[in-house]
$ cat target12.pdb   # PDB, C-alpha atoms and all ligand atoms
ATOM      1  CA  MET U   1     116.843 120.549 101.159
ATOM      2  CA  LEU U   2     115.961 122.234  97.857
ATOM      3  CA  ARG U   3     119.529 123.339  97.200
ATOM      4  CA  PHE U   4     120.583 119.794  97.918
ATOM      5  CA  LEU U   5     117.988 118.327  95.549
ATOM      6  CA  ASP U   6     119.164 120.728  92.887
ATOM      7  CA  ARG U   7     122.736 119.424  93.164
ATOM      8  CA  ILE U   8     121.562 115.807  93.045
ATOM      9  CA  GLY U   9     119.485 116.549  89.962
ATOM     10  CA  ARG U  10     122.535 117.860  88.152
ATOM     11  CA  ALA U  11     124.495 114.731  89.125
ATOM     12  CA  ALA U  12     121.955 112.445  87.467
ATOM     13  CA  PRO U  13     123.874 111.769  84.200
ATOM     14  CA  GLN U  14     126.705 110.132  86.207
ATOM     15  CA  PRO U  15     124.629 107.238  87.623
ATOM     16  CA  LEU U  16     123.100 106.830  84.181
ATOM     17  CA  HIS U  17     126.599 106.362  82.777
ATOM     18  CA  HIS U  18     127.378 103.680  85.404
ATOM     19  CA  ALA U  19     124.043 102.001  84.828
ATOM     20  CA  LEU U  20     124.732 101.808  81.118
ATOM     21  CA  LYS U  21     128.162 100.267  81.803
ATOM     22  CA  MET U  22     126.567  97.739  84.161
ATOM     23  CA  SER U  23     123.902  96.794  81.653
ATOM     24  CA  GLY U  24     126.540  94.800  79.700
ATOM     25  CA  GLN U  25     126.890  92.478  82.695
ATOM     26  CA  MET U  26     123.149  92.074  83.271
ATOM     27  CA  PRO U  27     122.514  88.940  81.160
ATOM     28  CA  LEU U  28     125.119  86.973  83.206
ATOM     29  CA  LEU U  29     123.787  88.229  86.554
ATOM     30  CA  TRP U  30     120.249  87.416  85.502
ATOM     31  CA  LEU U  31     121.194  83.892  84.347
ATOM     32  CA  GLY U  32     122.803  83.140  87.733
ATOM     33  CA  TYR U  33     119.769  84.469  89.588
ATOM     34  CA  ARG U  34     117.373  82.371  87.499
ATOM     35  CA  ARG U  35     119.380  79.165  88.074
ATOM     36  CA  ARG U  36     119.337  79.686  91.854
ATOM     37  CA  GLN U  37     115.597  80.422  91.813
ATOM     38  CA  GLN U  38     114.843  77.290  89.778
ATOM     39  CA  SER U  39     116.726  75.010  92.189
ATOM     40  CA  ARG U  40     115.014  76.684  95.175
ATOM     41  CA  THR U  41     111.404  76.569  93.970
ATOM     42  CA  SER U  42     111.535  72.802  93.465
ATOM     43  CA  SER U  43     112.299  72.259  97.186
ATOM     44  CA  GLN U  44     110.216  75.147  98.647
ATOM     45  CA  LYS U  45     107.040  74.653 100.685
ATOM     46  CA  LYS U  46     103.937  76.515  99.485
ATOM     47  CA  SER U  47     103.431  79.812 101.383
ATOM     48  CA  PRO U  48      99.931  80.646 102.715
ATOM     49  CA  PRO U  49      97.782  82.844 100.443
ATOM     50  CA  ASP U  50      98.120  86.608 101.005
ATOM     51  CA  SER U  51      95.438  88.301 103.125
ATOM     52  CA  PRO U  52      92.972  90.275 100.983
ATOM     53  CA  ASN U  53      94.212  93.694  99.947
ATOM     54  CA  PRO U  54      91.420  96.269 100.567
ATOM     55  CA  LEU U  55      92.456  98.415  97.610
ATOM     56  CA  ARG U  56      92.451  95.447  95.253
ATOM     57  CA  THR U  57      89.076  94.331  96.620
ATOM     58  CA  TYR U  58      87.676  97.830  96.008
ATOM     59  CA  PHE U  59      89.161  97.976  92.507
ATOM     60  CA  ASP U  60      87.816  94.527  91.566
ATOM     61  CA  ALA U  61      84.328  95.581  92.671
ATOM     62  CA  VAL U  62      84.270  98.689  90.424
ATOM     63  CA  ARG U  63      82.326  97.668  87.331
ATOM     64  CA  ASP U  64      80.627 100.956  86.461
ATOM     65  CA  GLY U  65      80.806 104.664  87.386
ATOM     66  CA  PRO U  66      83.986 106.813  87.437
ATOM     67  CA  GLY U  67      86.892 104.902  85.894
ATOM     68  CA  ILE U  68      90.162 103.894  87.581
ATOM     69  CA  LEU U  69      93.211 102.840  85.615
ATOM     70  CA  LYS U  70      95.883 100.952  87.615
ATOM     71  CA  TRP U  71      98.402  98.158  87.025
ATOM     72  CA  LEU U  72      97.366  95.272  89.265
ATOM     73  CA  HIS U  73     100.745  94.861  90.985
ATOM     74  CA  TYR U  74     100.467  98.457  92.292
ATOM     75  CA  PHE U  75      97.893  97.467  94.924
ATOM     76  CA  GLU U  76     100.405  95.459  96.930
ATOM     77  CA  VAL U  77     102.856  98.381  96.867
ATOM     78  CA  TYR U  78     100.199 100.920  97.879
ATOM     79  CA  ASP U  79      98.995  98.807 100.790
ATOM     80  CA  ARG U  80     102.533  98.147 102.001
ATOM     81  CA  HIS U  81     103.418 101.848 102.203
ATOM     82  CA  PHE U  82     100.023 103.427 102.949
ATOM     83  CA  ARG U  83      98.536 100.972 105.491
ATOM     84  CA  LYS U  84      99.820 102.916 108.516
ATOM     85  CA  PHE U  85      97.714 105.944 107.507
ATOM     86  CA  ARG U  86      94.340 104.139 107.348
ATOM     87  CA  GLY U  87      91.720 105.628 109.658
ATOM     88  CA  GLN U  88      93.970 108.642 110.359
ATOM     89  CA  GLU U  89      93.582 112.327 109.518
ATOM     90  CA  VAL U  90      95.690 111.867 106.436
ATOM     91  CA  ASN U  91      96.137 114.319 103.566
ATOM     92  CA  ILE U  92      96.653 112.569 100.275
ATOM     93  CA  LEU U  93      97.441 114.108  96.914
ATOM     94  CA  GLU U  94      97.133 112.309  93.598
ATOM     95  CA  ILE U  95      98.479 113.998  90.479
ATOM     96  CA  GLY U  96      96.464 112.735  87.505
ATOM     97  CA  VAL U  97      92.712 112.662  88.152
ATOM     98  CA  TYR U  98      91.512 111.518  84.718
ATOM     99  CA  SER U  99      88.034 109.987  85.311
ATOM    100  CA  GLY U 100      87.983 110.547  89.087
ATOM    101  CA  GLY U 101      87.635 106.899  90.138
ATOM    102  CA  SER U 102      90.964 106.669  91.971
ATOM    103  CA  LEU U 103      90.130 109.680  94.189
ATOM    104  CA  ALA U 104      87.045 107.808  95.415
ATOM    105  CA  MET U 105      89.167 104.697  95.979
ATOM    106  CA  TRP U 106      91.604 106.612  98.241
ATOM    107  CA  ARG U 107      88.691 108.049 100.217
ATOM    108  CA  ASP U 108      87.298 104.558 100.759
ATOM    109  CA  TYR U 109      90.693 103.102 101.754
ATOM    110  CA  PHE U 110      91.817 105.840 104.166
ATOM    111  CA  GLY U 111      88.402 106.420 105.728
ATOM    112  CA  PRO U 112      86.236 109.408 106.636
ATOM    113  CA  LYS U 113      89.007 111.395 108.370
ATOM    114  CA  CYS U 114      91.150 111.644 105.238
ATOM    115  CA  ARG U 115      91.308 114.640 102.930
ATOM    116  CA  VAL U 116      91.937 113.880  99.253
ATOM    117  CA  TYR U 117      93.527 116.378  96.847
ATOM    118  CA  GLY U 118      93.726 115.865  93.105
ATOM    119  CA  VAL U 119      95.823 117.794  90.592
ATOM    120  CA  ASP U 120      95.212 117.679  86.858
ATOM    121  CA  ILE U 121      95.992 119.861  83.877
ATOM    122  CA  ASP U 122      92.540 119.207  82.429
ATOM    123  CA  GLN U 123      89.819 121.655  83.550
ATOM    124  CA  ARG U 124      87.128 118.978  83.224
ATOM    125  CA  CYS U 125      88.529 117.180  86.312
ATOM    126  CA  LYS U 126      87.133 119.941  88.521
ATOM    127  CA  LYS U 127      83.775 118.147  88.430
ATOM    128  CA  PHE U 128      85.120 115.382  90.694
ATOM    129  CA  GLU U 129      85.258 117.755  93.655
ATOM    130  CA  ASN U 130      83.024 117.031  96.639
ATOM    131  CA  GLU U 131      83.043 117.596 100.419
ATOM    132  CA  SER U 132      86.145 115.418 100.983
ATOM    133  CA  VAL U 133      87.894 115.835  97.610
ATOM    134  CA  LYS U 134      89.433 119.071  96.296
ATOM    135  CA  VAL U 135      90.749 119.265  92.743
ATOM    136  CA  PHE U 136      93.398 121.794  91.623
ATOM    137  CA  ILE U 137      93.844 122.543  87.950
ATOM    138  CA  GLY U 138      97.479 123.094  86.993
ATOM    139  CA  ASP U 139     100.613 121.780  85.343
ATOM    140  CA  GLN U 140     102.793 119.626  87.595
ATOM    141  CA  GLY U 141     105.854 120.695  85.579
ATOM    142  CA  ASP U 142     105.323 124.333  86.597
ATOM    143  CA  ARG U 143     107.102 125.385  89.816
ATOM    144  CA  GLU U 144     104.852 128.440  90.153
ATOM    145  CA  PHE U 145     101.805 126.151  90.255
ATOM    146  CA  TRP U 146     103.344 124.223  93.174
ATOM    147  CA  LYS U 147     104.061 127.467  95.061
ATOM    148  CA  ARG U 148     100.361 128.380  94.829
ATOM    149  CA  PHE U 149      99.342 124.833  95.781
ATOM    150  CA  LYS U 150     101.597 124.818  98.882
ATOM    151  CA  ALA U 151     100.217 128.162 100.009
ATOM    152  CA  GLU U 152      96.702 126.662  99.959
ATOM    153  CA  VAL U 153      97.471 123.126 101.214
ATOM    154  CA  PRO U 154      99.833 123.289 104.166
ATOM    155  CA  THR U 155     100.085 119.556 104.879
ATOM    156  CA  ILE U 156     100.532 116.475 102.696
ATOM    157  CA  ASP U 157     101.263 112.961 103.985
ATOM    158  CA  ILE U 158     101.081 110.968 100.766
ATOM    159  CA  LEU U 159     101.800 112.068  97.207
ATOM    160  CA  ILE U 160     101.045 109.785  94.252
ATOM    161  CA  ASP U 161     102.415 111.011  90.927
ATOM    162  CA  ASP U 162     100.250 109.534  88.159
ATOM    163  CA  GLY U 163     100.132 112.648  85.976
ATOM    164  CA  GLY U 164     101.959 113.513  82.752
ATOM    165  CA  HIS U 165     104.774 110.958  83.279
ATOM    166  CA  GLN U 166     107.421 113.182  81.629
ATOM    167  CA  THR U 167     110.810 113.136  83.398
ATOM    168  CA  TYR U 168     110.958 116.917  83.871
ATOM    169  CA  GLN U 169     107.435 116.916  85.368
ATOM    170  CA  GLN U 170     108.377 114.130  87.784
ATOM    171  CA  ILE U 171     111.581 115.928  88.835
ATOM    172  CA  VAL U 172     109.872 119.302  89.333
ATOM    173  CA  THR U 173     107.125 117.621  91.381
ATOM    174  CA  PHE U 174     109.646 115.751  93.527
ATOM    175  CA  GLU U 175     111.831 118.798  94.112
ATOM    176  CA  GLU U 176     108.937 121.086  94.945
ATOM    177  CA  MET U 177     106.993 118.640  97.080
ATOM    178  CA  LEU U 178     109.463 116.444  99.026
ATOM    179  CA  SER U 179     110.117 119.155 101.601
ATOM    180  CA  HIS U 180     106.341 119.777 101.810
ATOM    181  CA  LEU U 181     105.654 116.170 102.847
ATOM    182  CA  GLN U 182     105.116 115.630 106.567
ATOM    183  CA  PRO U 183     107.610 113.577 108.618
ATOM    184  CA  GLY U 184     106.732 109.912 107.989
ATOM    185  CA  GLY U 185     105.245 110.918 104.628
ATOM    186  CA  VAL U 186     105.432 108.868 101.441
ATOM    187  CA  PHE U 187     106.180 110.006  97.890
ATOM    188  CA  LEU U 188     105.213 107.482  95.203
ATOM    189  CA  CYS U 189     105.823 107.945  91.488
ATOM    190  CA  GLU U 190     104.195 105.432  89.158
ATOM    191  CA  ASP U 191     104.269 104.334  85.544
ATOM    192  CA  LEU U 192     108.073 104.454  85.299
ATOM    193  CA  THR U 193     107.765 102.086  82.373
ATOM    194  CA  GLY U 194     110.727 101.209  80.168
ATOM    195  CA  GLU U 195     114.374 100.715  81.051
ATOM    196  CA  PHE U 196     116.490 103.775  81.895
ATOM    197  CA  SER U 197     113.654 106.116  82.818
ATOM    198  CA  GLY U 198     115.065 109.608  83.309
ATOM    199  CA  PHE U 199     113.396 109.917  86.715
ATOM    200  CA  VAL U 200     114.828 106.587  87.901
ATOM    201  CA  SER U 201     118.302 107.819  86.864
ATOM    202  CA  TYR U 202     117.671 111.017  88.818
ATOM    203  CA  LEU U 203     116.632 108.982  91.868
ATOM    204  CA  ASN U 204     119.735 106.812  91.500
ATOM    205  CA  GLY U 205     121.816 109.973  92.007
ATOM    206  CA  PHE U 206     119.675 110.675  95.055
ATOM    207  CA  VAL U 207     120.228 107.120  96.368
ATOM    208  CA  HIS U 208     124.029 107.469  96.085
ATOM    209  CA  LYS U 209     123.768 110.441  98.418
ATOM    210  CA  LEU U 210     121.866 108.311 100.936
ATOM    211  CA  ASN U 211     125.204 106.533 101.499
ATOM    212  CA  THR U 212     127.189 109.675 102.374
ATOM    213  CA  TYR U 213     129.789 108.639 104.956
ATOM    214  CA  ARG U 214     131.099 111.303 107.327
ATOM    215  CA  LEU U 215     133.079 109.215 109.774
ATOM    216  CA  LYS U 216     133.753 110.850 113.104
ATOM    217  CA  ALA U 217     136.841 109.592 114.966
ATOM    218  CA  ALA U 218     136.499 105.849 115.738
ATOM    219  CA  ARG U 219     136.299 105.282 119.503
ATOM    220  CA  GLU U 220     137.248 102.661 122.062
ATOM    221  CA  ASP U 221     133.622 102.840 123.197
ATOM    222  CA  HIS U 222     131.859  99.777 121.744
ATOM    223  CA  GLU U 223     128.489 101.527 121.984
ATOM    224  CA  ARG U 224     129.733 104.173 119.551
ATOM    225  CA  TYR U 225     132.363 102.213 117.703
ATOM    226  CA  LEU U 226     131.757 104.003 114.396
ATOM    227  CA  THR U 227     129.663 107.116 114.003
ATOM    228  CA  SER U 228     128.861 109.056 110.870
ATOM    229  CA  GLN U 229     127.224 112.463 111.041
ATOM    230  CA  ALA U 230     123.903 112.349 109.150
ATOM    231  CA  SER U 231     123.708 114.509 106.040
ATOM    232  CA  GLU U 232     120.580 116.577 105.504
ATOM    233  CA  LEU U 233     119.261 113.876 103.180
ATOM    234  CA  GLN U 234     119.989 111.010 105.602
ATOM    235  CA  SER U 235     118.437 112.992 108.368
ATOM    236  CA  HIS U 236     115.052 113.251 106.568
ATOM    237  CA  VAL U 237     114.843 110.343 104.099
ATOM    238  CA  ARG U 238     114.283 106.862 105.470
ATOM    239  CA  ALA U 239     114.341 104.803 102.285
ATOM    240  CA  VAL U 240     114.046 104.794  98.529
ATOM    241  CA  THR U 241     112.400 101.645  97.208
ATOM    242  CA  PHE U 242     112.013 100.551  93.600
ATOM    243  CA  TYR U 243     109.323  98.204  92.268
ATOM    244  CA  PRO U 244     108.389  97.426  88.677
ATOM    245  CA  PHE U 245     107.203 100.810  87.277
ATOM    246  CA  ILE U 246     107.127 102.424  90.774
ATOM    247  CA  ALA U 247     109.566 104.343  92.976
ATOM    248  CA  VAL U 248     108.761 105.158  96.609
ATOM    249  CA  VAL U 249     110.593 107.693  98.792
ATOM    250  CA  GLU U 250     109.751 107.529 102.522
ATOM    251  CA  LYS U 251     110.515 110.296 104.978
ATOM    252  CA  ARG U 252     111.593 109.686 108.547
ATOM    253  CA  GLU U 253     109.196 110.273 111.420
ATOM    254  CA  ARG U 254     111.989 112.049 113.322
ATOM    255  CA  PRO U 255     115.209 113.526 111.900
ATOM    256  CA  LEU U 256     118.331 111.412 112.311
ATOM    257  CA  THR U 257     121.437 113.181 113.600
ATOM    258  CA  GLU U 258     124.006 110.404 113.209
ATOM    259  CA  LEU U 259     124.439 106.802 112.073
ATOM    260  CA  VAL U 260     126.024 104.551 114.670
ATOM    261  CA  ALA U 261     127.713 101.129 114.499
ATOM    262  CA  GLN U 262     127.998  99.265 117.812
ATOM    263  CA  LYS U 263     130.144  96.283 118.756
ATOM    264  CA  HIS U 264     128.353  93.569 120.739
ATOM    265  CA  GLY U 265     130.075  90.408 122.037
ATOM    266  CA  THR U 266     133.517  89.586 123.434
ATOM    267  CA  LEU U 267     135.114  87.250 120.882
ATOM    268  CA  TRP U 268     136.464  88.926 117.766
ATOM    269  CA  GLY U 269     138.199  87.509 114.703
ATOM    270  CA  TRP U 270     138.279  83.994 113.287
TER     271      TRP U 270
HETATM  272  C1  LIG U 301      97.021 108.117  83.732
HETATM  273  S1  LIG U 301      95.870 109.420  83.919
HETATM  274  C2  LIG U 301      95.531 109.336  85.642
HETATM  275  C3  LIG U 301      94.810 108.096  86.032
HETATM  276  C4  LIG U 301      94.191 108.118  87.398
HETATM  277  N1  LIG U 301      95.127 108.523  88.434
HETATM  278  C5  LIG U 301      93.653 106.731  87.712
HETATM  279  O1  LIG U 301      94.270 106.033  88.554
HETATM  280  O2  LIG U 301      92.656 106.336  87.160
HETATM  281  C6  LIG U 301      96.890 110.830  83.720
HETATM  282  C7  LIG U 301      96.239 112.174  84.017
HETATM  283  O3  LIG U 301      97.303 113.126  84.130
HETATM  284  C8  LIG U 301      96.877 114.362  83.613
HETATM  285  N2  LIG U 301      98.063 115.162  83.223
HETATM  286  C9  LIG U 301      98.789 115.084  82.082
HETATM  287  N3  LIG U 301      99.777 115.986  82.093
HETATM  288  C10 LIG U 301      99.694 116.654  83.282
HETATM  289  C11 LIG U 301     100.430 117.715  83.879
HETATM  290  N4  LIG U 301     101.473 118.263  83.254
HETATM  291  N5  LIG U 301     100.055 118.154  85.102
HETATM  292  C12 LIG U 301      98.999 117.610  85.733
HETATM  293  N6  LIG U 301      98.258 116.595  85.216
HETATM  294  C13 LIG U 301      98.591 116.118  84.014
HETATM  295  C14 LIG U 301      95.993 113.986  82.435
HETATM  296  O4  LIG U 301      95.100 115.057  82.112
HETATM  297  C15 LIG U 301      95.301 112.710  82.936
HETATM  298  O5  LIG U 301      94.047 113.016  83.484
END
$ encode --input "target12.pdb" --output "structure tokens"
Amino acid sequence: MLRFLDRIGRAAPQPLHHALKMSGQMPLLWLGYRRRQQSRTSSQKKSPPDSPNPLRTYFDAVRDGPGILKWLHYFEVYDRHFRKFRGQEVNILEIGVYSGGSLAMWRDYFGPKCRVYGVDIDQRCKKFENESVKVFIGDQGDREFWKRFKAEVPTIDILIDDGGHQTYQQIVTFEEMLSHLQPGGVFLCEDLTGEFSGFVSYLNGFVHKLNTYRLKAAREDHERYLTSQASELQSHVRAVTFYPFIAVVEKRERPLTELVAQKHGTLWGW
């Protein structure tokens, strides 16, 4: 996996080049999208209000004590990807401890069985350690630091990168830690603010590889009409999802060996 990630990393300038070419067409695409949205919203029924988001409720209630700094639209993204881990024996790592408030928020959200790890470059963050929170002091851009971390923490289910926000730090963290995430695990990198973030370009190269197509011979068998042997990446990565300022990479619960297209029905053609 690491060798693979290394190759993808080197390929990153190519998607950036395409993205830059595409950006010339963006105003037209955006105009068309906006027109369609405007005609839709006038005829749409009102949807019911969203159910309360426990993380947002917790955040709104914090008025004093250890500080938390989060964009409000992150709470929906967190809850969408992290909900399945609530109440479980989940190991969560947040890079970027700052004032310690977010570590307490994760503990509250995931429940008493969770184990929270924090990483920060600032020694002063050590004081936020307690019986369910362990804080490591180190530089997320340093591969040697991650080797020591992995030797001490064998299992991680969720990684939230809210640390230094430099592209090289985000890439090193991703490359060192993706293979350390458990099956079904979630990697979330936040604060990807500004167009053409270097880490988003890197992930675009990664996403292209999610579409690798290794067609095995097409068969008469409609149950296995087309089959493509899964690459190492396809076998372990379920999805890469982008939100404003956030990228999420989800791992599969079980490795995939092949991608299959079936034919159902008896009438074909027009
Ligand atoms: C935006 S703050 C984290 C906010 C916190 N997660 C919250 O939600 O309230 C960023 C933190 O990253 C830490 N940091 C900066 N560079 C780092 C690096 N190279 N490795 C690890 N942590 C780093 C800073 O010391 C700071 O505490």
$ closest_atom_pairs --input "target12.pdb" --of "segment 51-100 of chain U" --to "segment 114-134 of chain U" --cutoff "7 Å" --atoms "all atoms listed in the file" --output "Markdown table"
| residue | atom | partner | partner_atom | distance |
| --- | --- | --- | --- | --- |
| U:Gln88 | CA | U:Cys114 | CA | 6.6 |
| U:Glu89 | CA | U:Cys114 | CA | 5.0 |
| U:Val90 | CA | U:Cys114 | CA | 4.7 |
| U:Asn91 | CA | U:Arg115 | CA | 4.9 |
| U:Ile92 | CA | U:Val116 | CA | 5.0 |
| U:Leu93 | CA | U:Tyr117 | CA | 4.5 |
| U:Glu94 | CA | U:Gly118 | CA | 4.9 |
| U:Ile95 | CA | U:Val119 | CA | 4.6 |
| U:Gly96 | CA | U:Asp120 | CA | 5.1 |
| U:Val97 | CA | U:Asp120 | CA | 5.8 |
| U:Tyr98 | CA | U:Cys125 | CA | 6.6 |
| U:Gly100 | CA | U:Phe128 | CA | 5.8 |
$ residues_around --input "target12.pdb" --residues "Thr241 of chain U" --least-positions-apart "3" --cutoff "12 Å" --atoms "all atoms listed in the file" --output "PyMOL selection string"
chain U and resi 77+80-81+186-189+200+203-204+206-207+237-238+244-251
$ closest_residue --input "target12.pdb" --among "U:Gly65, U:Pro112, U:Pro52, U:Gly164" --to "ligand LIG 301 (chain U)" --atoms "only C-alpha atoms and all ligand atoms"
U:Gly164
$ closest_residue --input "target12.pdb" --among "U:Gly141, U:Thr266, U:Tyr78, U:Arg219" --to "Asn53 of chain U" --atoms "only C-alpha atoms"
U:Tyr78
$ axis_aligned_box --input "target12.pdb" --around "ligand LIG 301 (chain U)" --padding-each-side "8 Å" --output "lines of an AutoDock Vina configuration file"
center_x = 97.1
center_y = 112.1
center_z = 85.3
size_x = 24.8
size_y = 28.2
size_z = 22.5
$ closest_residue --input "target12.pdb" --among "U:Leu226, U:Met177, U:Val135, U:Ile68" --to "ligand LIG 301 (chain U)" --atoms "all atoms listed in the file"
U:Ile68
$ atom_distance --input "target12.pdb" --atom1 "atom CA of Gln170 of chain U" --atom2 "atom C14 of ligand LIG 301 (chain U)"
13.5 Å
$ atom_distance --input "target12.pdb" --atom1 "atom CA of Lys70 of chain U" --atom2 "atom O3 of ligand LIG 301 (chain U)"
12.7 Å
$ residues_around --input "target12.pdb" --residues "Gly265 of chain U" --least-positions-apart "3" --cutoff "12 Å" --atoms "only C-alpha atoms" --output "list in words"
His222, Glu223, Gln262, Trp268 and Gly269 of chain U
$ resolve_selection --input "target12.pdb" --expression "the PyMOL selection byres (((chain U and resi 212) around 12) and not hetatm)" --output "PDB file with C-alpha atoms, in the frame of the given file"
ATOM      1  CA  GLY U 205     121.816 109.973  92.007  1.00  0.00           C
ATOM      2  CA  PHE U 206     119.675 110.675  95.055  1.00  0.00           C
ATOM      3  CA  VAL U 207     120.228 107.120  96.368  1.00  0.00           C
ATOM      4  CA  HIS U 208     124.029 107.469  96.085  1.00  0.00           C
ATOM      5  CA  LYS U 209     123.768 110.441  98.418  1.00  0.00           C
ATOM      6  CA  LEU U 210     121.866 108.311 100.936  1.00  0.00           C
ATOM      7  CA  ASN U 211     125.204 106.533 101.499  1.00  0.00           C
ATOM      8  CA  TYR U 213     129.789 108.639 104.956  1.00  0.00           C
ATOM      9  CA  ARG U 214     131.099 111.303 107.327  1.00  0.00           C
ATOM     10  CA  LEU U 215     133.079 109.215 109.774  1.00  0.00           C
ATOM     11  CA  SER U 228     128.861 109.056 110.870  1.00  0.00           C
ATOM     12  CA  GLN U 229     127.224 112.463 111.041  1.00  0.00           C
ATOM     13  CA  ALA U 230     123.903 112.349 109.150  1.00  0.00           C
ATOM     14  CA  SER U 231     123.708 114.509 106.040  1.00  0.00           C
ATOM     15  CA  GLU U 232     120.580 116.577 105.504  1.00  0.00           C
ATOM     16  CA  LEU U 233     119.261 113.876 103.180  1.00  0.00           C
ATOM     17  CA  GLN U 234     119.989 111.010 105.602  1.00  0.00           C
ATOM     18  CA  SER U 235     118.437 112.992 108.368  1.00  0.00           C
ATOM     19  CA  GLU U 258     124.006 110.404 113.209  1.00  0.00           C
ATOM     20  CA  LEU U 259     124.439 106.802 112.073  1.00  0.00           C
TER      21      LEU U 259
END
$ residues_around --input "target12.pdb" --residues "Thr155 of chain U" --least-positions-apart "4" --cutoff "8 Å" --atoms "all atoms listed in the file" --output "PDB file with C-alpha atoms, keeping the file's coordinate frame"
ATOM      1  CA  ASN U  91      96.137 114.319 103.566  1.00  0.00           C
ATOM      2  CA  HIS U 180     106.341 119.777 101.810  1.00  0.00           C
ATOM      3  CA  LEU U 181     105.654 116.170 102.847  1.00  0.00           C
ATOM      4  CA  GLN U 182     105.116 115.630 106.567  1.00  0.00           C
TER       5      GLN U 182
END
$ closest_residue --input "target12.pdb" --among "U:Arg56, U:Lys150, U:His236, U:Arg254" --to "Ser102 of chain U" --atoms "all atoms listed in the file"
U:Arg56
$ atom_distance --input "target12.pdb" --atom1 "atom CA of Met105 of chain U" --atom2 "atom CA of Glu176 of chain U"
25.7 Å
$ closest_residue --input "target12.pdb" --among "U:Arg143, U:Leu159, U:Ile137, U:Leu55" --to "Asp108 of chain U" --atoms "all atoms listed in the file"
U:Leu55
$ closest_residue --input "target12.pdb" --among "U:Thr57, U:Ser197, U:Gln166, U:Ser51" --to "ligand LIG 301 (chain U)" --atoms "all atoms listed in the file"
U:Gln166
